[in-house]
Amino acid sequence: MRTPKQTRTTCEARPAKRGQPIHVRIVCLCLALGLVGPAVITAAQEGDPASISAALALRAEALIMARCAVCHSEDLIIQQRLPRNRWEKTVEKMAHWGAEILPGEADLLVRYLSARYHPAAPDHLPLMDSELRQAETLKQEPALTGMLVGDAGRGAGIFEHNCQACHGIHGSGGMGPKLAKNPILKHEDRFWETVLRGRGPMPAWGSFLNQQDVADIYAWLMSR
Amino acid sequence: MPISRRSLFKALLQGIGVGLLVDQRLPVALAGGEEAARDDVGPFIARVTRPFDAETPVGEFASFLTPNDRFFVRSHFGPPVPELIAEANWKLRVGGLVDRPQVLTLRELKQVEPVTITAVVQCSGNGRAFHRPKVPGVQWKRGAVGNARWTGLRLRDVLAQAGVKEGAQHVQLQGADRPIVDSVPLFTRSIPLAKALHPDTILAYEMNGRPLPILHGAPLRVITPGWMANSCTKWLTDITVQAEEAKGYYMQTAYRVPVKSAESGGIATGASTPVAAMVVKSLIAAPQEGDIVEPGFSAIQGVAWSGEAKVMKVEVSLDGGKTWEPARLVGDDHPFAWRRWRFLWKATTPGPVSILCRATDARGETQPEVSPWNPSGFLWNGWDRVTVRVTG
């Protein structure tokens with residue numbers, strides 16, 4: 001059902017804002033993640049922080065929003081401080097219960113969670129730079145949408161896999177609002193904006209779905 | 001149009017009252033730096049925003065009864081959709097090994113002789129955050145507990161009406177709450193028949209003299225005095241009398257502790273038993289962590305309770321547990337409620353001071369410094385500790 005993911009690289013494609021050179025911002029991000037620095041990482045910890053770049057960390061954060069925050073908010077996840085084996089077991093259990101994660105995603109999640117939320121990590125981790133997160137998720141320019149032709153049949157499958165848990169079967173509503181016949185469908189730009197960027201508890205899909213995927217979901221919702 | 005879970009959730013939050021700190025923005029911010037500051041203020045300390053799990057700041061326990069809108073909130077999937085528990089639709093079904101299966105309305109249940117019981121209700125995971133090595137689960141600290149007056153009818157009266165058949169050993173309890181995805185196991189629990197027939201085990205429809213709030217299980221929840229809250233099923237709809245313990249994750253895997261003490265840091269293996277009775281425990285409600293105390297006399301106060309035995313003694317230590325002095329037990333004394341205690345302390349030396357407390361019950365059980373480690377972090381009852389600063 002899933003379409004091949006676009007490979008995401010973090011920073012190189014984005015113009016630096018506020019005149020800050022990009023490499024400086026990456027360093028800041030790494031610090032914010034707690035992924036570098038001897039105080040945070042000791043040899044005894046199993047998570048290998050070096051294997052997690054800022055790009056992967058952002059992707060993992062996005063995965064938590066999109067794949068995990070379906071049944072419970074992510075505060076339940078990020079309050080844990082667990083060794084890698086228990087993170088593995090937890091992610092396995094969640095997949096068994098219905099978290100829609102692919103094997104590669106599970107692996108990345110476990111690596112990220114055990115690098116950032118390990119037993120020796122402080123209770124209060126520095127926050128991630130929310131501006132960077134926002135910028136990262138908005139890769140796709142809504143302006144380009146006009147040229148895409150959505151395939152409703154394909155959209156049904158993508159919806160089922162990514163959206164149904166919150167928006168209900170056939171988009172009839174659930175923890176998230178009803179989407180079938182939702183007035184937002186009349187404002188395609190707002191639809192795209194919400195889907196790509198997220199809003200409140202609604203995950204940002206910009207780093208998971210490509211434009212064709214979103215156009216397909218849109219076409220399918222319009223047919224409901 | 002049916003109300004969605006989301007609007008229900010919002011409505012519920014509004015209903016809880018002022019000052020509830022739920023961050024609607026990126027939840028990553030939630031467990032972040034702001035939390036330390038908010039730990040002891042406001043009516044609630046939210047641990048999980050969805051489904052909503054929150055504990056009571058311990059300062060609230062200076063009063064005997066915990067108000068409904070301050071009482072800790074915990075469920076696995078959040079409250080059921082409102083239509084399911086609306087009085088017009090809601091029914092209690094009693095079946096299984098019974099002679100006369102029943103379908104009862106709330107009205108009918110309210111005609112049965114009412115009883116009121118003051119009882120502590122505590123989450124099995126209260127204090128999980130203090131276990132070392134750390135264990136997964138909601139990271140409750142001290143406030144996933146409360147003491148309230150519960151009014152309802154005896155479970156045994158309902159069972160008598162249905163007629164329990166021979167061979168019955170357990171009573172399965174099912175609420176109307178549902179996970180948002182079917183692949184997640186239901187929260188299905190059972191209690192032994194003996195506990196179900198205990199005269200103080202009730203089905204409550206009132207809490208502190210008010211209709212039971214939705215977050216606390218309206219229209220009907222089980223109260224098993226002396227036992228942990230995992231037996232106190234909320235939004236109760238189905239009682240099934242059966243020969244065996246309930247099946248499923250929340251009975252057979254979760255809410256269990258090892259029979260023999262667990263190897264620290266290990267995972268659950270070997271024989272285990274369901275979490276049932278509470279263990280002896282006490283908390284310091286005042287002063288609070290970080291308080292500034294003037295030199296001279298000041299009162300230290302708190303609460304103490306145990307599962308199925310009376311609290312006999314509460315002691316306070318001001319030297320890290322080397323020596324202990326008895327506190328005075330004060331106020332109401334009911335079998336399953338907590339007991340308040342008070343200790344007059346003369347602060348002298350300026351600087352930080354740690355106040356410790358521990359309770360002992362009628363069976364001679366005393367709170368340990370640190371509770372036995374178990375893989376899911378249940379039944380924490382280590383000494384309570386509050387550090388204050390005495391001014392110069």
# chains A, B, ... in the order shown; residues from 1 in each chain; ligands from 1
$ interface_residues --of "chain A" --to "chain B" --cutoff "7 Å" --atoms "only C-alpha atoms" --output "ChimeraX atom specification"
/A:71-76,79-82,97-98,119,124-127,165,173-176,200
$ residues_around --residues "Ser223 in chain A" --least-positions-apart "4" --cutoff "12 Å" --atoms "only C-alpha atoms" --output "list in words"
Gly150, Asp151, Ala152, Gly153, Gly155, Ala156, His170, Gly171, Leu179, Ala180, Lys181, Asn182, Leu185, Asp216, Ile217, Tyr218 and Ala219 of chain A
$ atom_distance --atom1 "CA of Ala229 in chain B" --atom2 "CA of Ile300 in chain B"
27.9 Å
$ closest_residue --among "B:Glu325, B:Glu245, B:Glu308, B:Glu365" --to "Val120 in chain B" --atoms "only C-alpha atoms"
B:Glu308
$ residues_around --residues "Ala95 in chain A" --least-positions-apart "3" --cutoff "12 Å" --atoms "only C-alpha atoms" --output "list in words"
Arg67, Cys68, Cys71, Glu88, Lys89, Thr90, Val91, Glu92, Gly98, Ala99, Glu100, Ile101, Leu102, Pro103, Glu105, Ala106, Asp107 and Leu109 of chain A; Val181, Ser183 and Val184 of chain B
$ select_by_dssp --residues "range 90-306 of chain B" --states "strand (DSSP E or B)" --output "number ranges by chain"
B: 92-96, 98, 102-104, 114-122, 145-154, 164, 170-175, 188-192, 202-207, 210-211, 221-223, 227, 236-242, 256-258, 272-274, 277, 281-286, 292-293, 296-305
$ residues_around --residues "Leu186 in chain B" --least-positions-apart "5" --cutoff "8 Å" --atoms "only C-alpha atoms" --output "PyMOL selection string"
chain B and resi 178-179+248-250
$ residues_around --residues "range 279-293 of chain B" --least-positions-apart "4" --cutoff "9 Å" --atoms "only C-alpha atoms" --output "CSV table (one decimal) with N, CA and C atoms, in the first residue's frame"
chain,number,residue,atom,x,y,z
B,40,ASP,N,3.8,21.4,41.5
B,40,ASP,CA,3.0,21.5,42.7
B,40,ASP,C,2.0,22.6,42.7
B,57,PRO,N,-1.8,17.4,43.1
B,57,PRO,CA,-0.7,17.9,43.8
B,57,PRO,C,-0.9,17.5,45.3
B,58,VAL,N,0.2,17.0,46.0
B,58,VAL,CA,0.0,16.4,47.3
B,58,VAL,C,-0.5,17.4,48.4
B,59,GLY,N,-0.3,18.7,48.1
B,59,GLY,CA,-0.8,19.7,49.1
B,59,GLY,C,-2.3,19.6,49.3
B,60,GLU,N,-3.0,19.1,48.3
B,60,GLU,CA,-4.4,18.9,48.4
B,60,GLU,C,-4.8,17.9,49.5
B,61,PHE,N,-3.9,17.0,49.8
B,61,PHE,CA,-4.2,16.0,50.8
B,61,PHE,C,-4.1,16.5,52.3
B,62,ALA,N,-4.0,17.8,52.4
B,62,ALA,CA,-4.2,18.3,53.8
B,62,ALA,C,-5.6,18.1,54.2
B,142,ARG,N,3.6,11.1,43.3
B,142,ARG,CA,3.0,10.9,44.6
B,142,ARG,C,1.4,11.0,44.6
B,226,GLY,N,-9.7,-0.9,49.9
B,226,GLY,CA,-8.5,-1.6,50.3
B,226,GLY,C,-7.7,-2.1,49.1
B,227,TRP,N,-8.3,-2.2,48.0
B,227,TRP,CA,-7.6,-2.7,46.8
B,227,TRP,C,-7.2,-1.6,45.9
B,298,SER,N,6.8,24.4,63.7
B,298,SER,CA,5.9,24.4,62.5
B,298,SER,C,5.3,23.0,62.4
B,299,ALA,N,4.1,22.9,61.8
B,299,ALA,CA,3.4,21.6,61.7
B,299,ALA,C,3.8,20.9,60.4
B,300,ILE,N,4.1,19.6,60.6
B,300,ILE,CA,4.2,18.7,59.4
B,300,ILE,C,3.0,17.9,59.4
B,301,GLN,N,2.3,17.8,58.3
B,301,GLN,CA,1.1,17.0,58.3
B,301,GLN,C,0.9,16.2,57.0
B,302,GLY,N,0.2,15.1,57.1
B,302,GLY,CA,0.0,14.3,55.9
B,302,GLY,C,-1.1,13.3,56.2
B,303,VAL,N,-1.1,12.2,55.3
B,303,VAL,CA,-2.1,11.1,55.4
B,303,VAL,C,-1.3,9.8,55.3
B,304,ALA,N,-2.0,8.8,55.8
B,304,ALA,CA,-1.5,7.4,55.8
B,304,ALA,C,-2.6,6.4,55.7
B,305,TRP,N,-2.4,5.4,54.9
B,305,TRP,CA,-3.4,4.3,54.7
B,305,TRP,C,-2.7,3.0,54.5
B,306,SER,N,-3.5,2.0,54.6
B,306,SER,CA,-3.1,0.6,54.2
B,306,SER,C,-4.2,-0.1,53.5
B,307,GLY,N,-3.9,-1.2,52.9
B,307,GLY,CA,-5.0,-1.9,52.2
B,307,GLY,C,-6.1,-2.5,53.1
B,308,GLU,N,-5.7,-3.6,53.8
B,308,GLU,CA,-6.8,-4.2,54.5
B,308,GLU,C,-6.5,-4.3,56.0
B,309,ALA,N,-5.7,-3.3,56.5
B,309,ALA,CA,-5.4,-3.2,57.9
B,309,ALA,C,-5.4,-1.8,58.3
B,311,VAL,N,-4.1,1.7,60.0
B,311,VAL,CA,-2.8,2.3,60.2
B,311,VAL,C,-2.7,2.5,61.7
B,314,VAL,N,2.4,6.5,62.5
B,314,VAL,CA,3.2,7.2,61.5
B,314,VAL,C,4.4,7.8,62.2
B,338,TRP,N,-8.1,7.1,54.5
B,338,TRP,CA,-6.8,7.4,55.0
B,338,TRP,C,-7.0,8.1,56.3
B,347,ALA,N,12.1,23.7,64.0
B,347,ALA,CA,13.2,23.9,63.1
B,347,ALA,C,14.2,24.8,63.8
B,352,PRO,N,19.0,23.5,54.2
B,352,PRO,CA,18.0,22.5,53.8
B,352,PRO,C,17.8,21.3,54.8
B,355,ILE,N,12.5,16.0,55.3
B,355,ILE,CA,11.6,15.4,56.2
B,355,ILE,C,11.1,14.1,55.6
B,356,LEU,N,11.2,13.0,56.4
B,356,LEU,CA,10.8,11.7,55.9
B,356,LEU,C,9.6,11.2,56.8
B,357,CYS,N,8.7,10.4,56.2
B,357,CYS,CA,7.7,9.8,57.0
B,357,CYS,C,7.5,8.4,56.5
B,358,ARG,N,7.0,7.6,57.5
B,358,ARG,CA,6.7,6.2,57.2
B,358,ARG,C,5.6,5.7,58.1
B,359,ALA,N,4.8,4.8,57.6
B,359,ALA,CA,3.6,4.3,58.4
B,359,ALA,C,3.8,2.8,58.7
B,360,THR,N,3.1,2.4,59.7
B,360,THR,CA,3.0,1.0,60.1
B,360,THR,C,1.6,0.6,60.3
B,361,ASP,N,1.2,-0.6,59.8
B,361,ASP,CA,-0.2,-1.0,60.0
B,361,ASP,C,-0.4,-2.1,61.0
B,365,GLU,N,3.2,-4.3,59.2
B,365,GLU,CA,3.9,-3.9,58.0
B,365,GLU,C,4.3,-2.5,58.1
B,366,THR,N,5.6,-2.2,57.8
B,366,THR,CA,6.1,-0.8,57.9
B,366,THR,C,6.6,-0.5,56.5
B,367,GLN,N,6.4,0.8,56.1
B,367,GLN,CA,6.9,1.2,54.8
B,367,GLN,C,8.4,1.0,54.8
B,379,LEU,N,3.0,-0.7,43.2
B,379,LEU,CA,3.0,-0.8,44.6
B,379,LEU,C,4.1,-0.1,45.3
B,380,TRP,N,4.5,1.1,44.7
B,380,TRP,CA,5.6,1.9,45.4
B,380,TRP,C,5.1,2.3,46.7
B,381,ASN,N,5.8,2.1,47.8
B,381,ASN,CA,5.5,2.6,49.1
B,381,ASN,C,6.7,3.0,49.9
B,382,GLY,N,7.8,3.4,49.2
B,382,GLY,CA,9.0,3.9,49.9
B,382,GLY,C,8.7,5.1,50.8
B,383,TRP,N,9.5,5.3,51.8
B,383,TRP,CA,9.4,6.5,52.7
B,383,TRP,C,9.1,7.7,51.8
B,384,ASP,N,8.2,8.5,52.3
B,384,ASP,CA,7.9,9.8,51.6
B,384,ASP,C,9.0,10.8,52.1
B,385,ARG,N,9.3,11.7,51.2
B,385,ARG,CA,10.4,12.7,51.5
B,385,ARG,C,10.1,14.1,50.9
B,386,VAL,N,10.3,15.1,51.7
B,386,VAL,CA,10.1,16.5,51.3
B,386,VAL,C,11.3,17.3,51.8
B,387,THR,N,11.9,18.0,50.9
B,387,THR,CA,13.0,18.8,51.4
B,387,THR,C,12.6,20.3,51.4
B,388,VAL,N,12.8,20.9,52.6
B,388,VAL,CA,12.5,22.3,52.8
B,388,VAL,C,13.8,23.1,53.2
B,389,ARG,N,13.7,24.4,53.2
B,389,ARG,CA,14.8,25.2,53.6
B,389,ARG,C,14.5,26.0,54.8
B,390,VAL,N,15.2,25.9,55.9
B,390,VAL,CA,15.0,26.7,57.1
B,390,VAL,C,15.8,28.0,57.0
B,391,THR,N,15.1,29.1,57.1
B,391,THR,CA,15.8,30.4,57.0
B,391,THR,C,16.7,30.7,58.2
$ atom_distance --atom1 "CA of Thr323 in chain B" --atom2 "CA of Gly351 in chain B"
19.6 Å
$ closest_residue --among "B:Arg256, B:Lys234, B:Arg128, B:Arg70" --to "Asn147 in chain B" --atoms "only C-alpha atoms"
B:Arg70
$ residues_around --residues "range 162-177 of chain B" --least-positions-apart "6" --cutoff "8 Å" --atoms "only C-alpha atoms" --output "number ranges by chain"
B: 77-81, 84-85, 94-95, 97-102, 187-194, 196, 233-246
$ residues_around --residues "Asp157 in chain B" --least-positions-apart "2" --cutoff "9 Å" --atoms "only C-alpha atoms" --output "count of residues only"
11
$ atom_distance --atom1 "CA of Ala276 in chain B" --atom2 "CA of Thr253 in chain B"
14.3 Å
$ closest_residue --among "B:Val259, B:Ala144, B:Ile223, B:Leu203" --to "Ala119 in chain B" --atoms "only C-alpha atoms"
B:Ile223
$ select_by_dssp --residues "range 54-188 of chain A" --states "alpha helix (DSSP H)" --output "JSON, numbers by chain"
{"A": [54, 55, 56, 57, 58, 59, 60, 61, 62, 63, 75, 76, 77, 78, 84, 85, 86, 87, 88, 89, 90, 91, 92, 93, 94, 95, 96, 97, 103, 104, 105, 106, 107, 108, 109, 110, 111, 112, 113, 114, 115, 116, 130, 131, 132, 133, 134, 135, 136, 137, 152, 153, 154, 155, 156, 157, 158, 159, 160, 161, 162, 164, 165, 166, 167, 188]}
$ decode --residues "range 84-218 of chain A" --atoms "C-alpha atoms" --output "short mmCIF file (atom, residue, chain, number, x, y, z; two decimals), in the first residue's frame"
data_model
loop_
_atom_site.label_atom_id
_atom_site.label_comp_id
_atom_site.auth_asym_id
_atom_site.auth_seq_id
_atom_site.Cartn_x
_atom_site.Cartn_y
_atom_site.Cartn_z
CA ARG A 84 17.28 0.00 24.44
CA ASN A 85 15.91 -3.48 25.10
CA ARG A 86 12.84 -2.07 26.79
CA TRP A 87 12.31 0.47 24.01
CA GLU A 88 12.49 -2.41 21.55
CA LYS A 89 9.89 -4.35 23.51
CA THR A 90 7.65 -1.29 23.79
CA VAL A 91 7.76 -0.49 20.07
CA GLU A 92 7.15 -4.17 19.31
CA LYS A 93 4.15 -4.19 21.62
CA MET A 94 2.74 -1.06 20.00
CA ALA A 95 3.19 -2.53 16.51
CA HIS A 96 1.40 -5.64 17.69
CA TRP A 97 -1.45 -3.50 18.99
CA GLY A 98 -1.80 -1.71 15.70
CA ALA A 99 0.81 1.04 15.39
CA GLU A 100 1.34 1.33 11.63
CA ILE A 101 5.12 1.20 11.59
CA LEU A 102 7.28 -0.38 8.92
CA PRO A 103 10.32 -2.38 10.03
CA GLY A 104 12.74 0.35 8.99
CA GLU A 105 10.73 2.93 10.87
CA ALA A 106 10.67 0.77 14.00
CA ASP A 107 14.42 0.48 13.86
CA LEU A 108 14.92 4.22 13.53
CA LEU A 109 12.45 4.88 16.34
CA VAL A 110 14.19 2.50 18.71
CA ARG A 111 17.56 4.04 17.91
CA TYR A 112 16.26 7.53 18.45
CA LEU A 113 14.23 6.79 21.57
CA SER A 114 17.07 4.94 23.25
CA ALA A 115 19.53 7.70 22.36
CA ARG A 116 17.38 10.54 23.67
CA TYR A 117 15.18 8.96 26.34
CA HIS A 118 17.66 6.62 28.03
CA PRO A 119 17.73 5.93 31.79
CA ALA A 120 20.44 8.50 32.52
CA ALA A 121 18.80 11.33 30.56
CA PRO A 122 17.60 14.19 32.75
CA ASP A 123 13.89 14.47 33.58
CA HIS A 124 13.70 17.74 31.74
CA LEU A 125 15.31 17.53 28.36
CA PRO A 126 15.86 20.71 26.43
CA LEU A 127 13.11 21.30 23.91
CA MET A 128 13.67 20.85 20.26
CA ASP A 129 13.82 23.98 18.24
CA SER A 130 10.23 24.15 17.14
CA GLU A 131 11.00 26.47 14.30
CA LEU A 132 13.41 23.97 12.83
CA ARG A 133 10.77 21.28 13.19
CA GLN A 134 8.23 23.36 11.38
CA ALA A 135 10.63 24.23 8.64
CA GLU A 136 11.57 20.61 8.24
CA THR A 137 8.07 19.33 7.82
CA LEU A 138 7.07 21.89 5.24
CA LYS A 139 8.98 20.58 2.28
CA GLN A 140 6.23 20.59 -0.22
CA GLU A 141 4.96 23.81 -1.55
CA PRO A 142 1.18 23.85 -1.61
CA ALA A 143 1.40 26.14 -4.60
CA LEU A 144 2.40 23.25 -6.84
CA THR A 145 -0.76 21.31 -6.21
CA GLY A 146 -2.72 22.54 -9.14
CA MET A 147 -0.83 20.34 -11.56
CA LEU A 148 -1.48 17.05 -9.79
CA VAL A 149 -4.35 14.77 -10.68
CA GLY A 150 -5.48 12.77 -7.67
CA ASP A 151 -6.33 9.07 -7.90
CA ALA A 152 -9.19 8.40 -5.48
CA GLY A 153 -8.69 4.62 -5.55
CA ARG A 154 -5.11 4.97 -4.45
CA GLY A 155 -6.11 7.66 -1.95
CA ALA A 156 -8.44 5.25 -0.16
CA GLY A 157 -5.52 2.97 0.69
CA ILE A 158 -3.25 5.80 1.79
CA PHE A 159 -6.02 7.19 3.96
CA GLU A 160 -6.66 3.84 5.58
CA HIS A 161 -3.03 3.40 6.45
CA ASN A 162 -2.27 6.89 7.72
CA CYS A 163 -5.42 8.74 8.69
CA GLN A 164 -8.18 6.30 9.55
CA ALA A 165 -7.11 5.60 13.14
CA CYS A 166 -7.88 9.21 14.05
CA HIS A 167 -10.42 10.27 11.43
CA GLY A 168 -12.47 7.09 11.39
CA ILE A 169 -13.54 4.64 8.70
CA HIS A 170 -14.47 6.49 5.49
CA GLY A 171 -13.36 9.70 7.20
CA SER A 172 -16.48 9.67 9.37
CA GLY A 173 -14.68 11.13 12.37
CA GLY A 174 -13.16 9.81 15.54
CA MET A 175 -10.54 11.34 17.74
CA GLY A 176 -9.94 13.71 14.81
CA PRO A 177 -12.77 15.56 13.04
CA LYS A 178 -14.98 14.08 10.37
CA LEU A 179 -13.32 14.66 7.02
CA ALA A 180 -15.94 13.41 4.58
CA LYS A 181 -17.88 16.51 3.45
CA ASN A 182 -15.76 18.64 5.77
CA PRO A 183 -15.93 22.31 4.66
CA ILE A 184 -12.13 22.40 4.50
CA LEU A 185 -12.36 20.32 1.32
CA LYS A 186 -13.73 23.41 -0.43
CA HIS A 187 -10.50 25.22 0.36
CA GLU A 188 -7.89 23.01 -1.19
CA ASP A 189 -5.04 25.25 -0.07
CA ARG A 190 -6.10 25.02 3.57
CA PHE A 191 -6.46 21.27 3.24
CA TRP A 192 -2.92 20.97 1.94
CA GLU A 193 -1.58 23.34 4.52
CA THR A 194 -3.19 21.37 7.38
CA VAL A 195 -2.09 18.01 6.08
CA LEU A 196 1.49 19.00 5.37
CA ARG A 197 2.11 21.16 8.40
CA GLY A 198 -0.22 19.59 10.95
CA ARG A 199 -2.24 21.54 13.49
CA GLY A 200 -2.38 20.94 17.22
CA PRO A 201 -2.74 17.19 17.77
CA MET A 202 -2.93 16.61 14.02
CA PRO A 203 0.47 15.33 12.83
CA ALA A 204 2.38 17.04 10.02
CA TRP A 205 2.55 14.72 7.06
CA GLY A 206 5.07 16.70 5.03
CA SER A 207 7.86 14.26 5.70
CA PHE A 208 5.83 11.10 5.11
CA LEU A 209 3.62 11.67 2.15
CA ASN A 210 4.56 13.05 -1.19
CA GLN A 211 2.41 15.45 -3.13
CA GLN A 212 0.84 12.72 -5.19
CA ASP A 213 -0.20 10.91 -1.98
CA VAL A 214 -1.89 14.02 -0.62
CA ALA A 215 -3.59 14.70 -3.94
CA ASP A 216 -4.86 11.11 -3.94
CA ILE A 217 -6.26 11.39 -0.43
CA TYR A 218 -7.89 14.66 -1.40
#
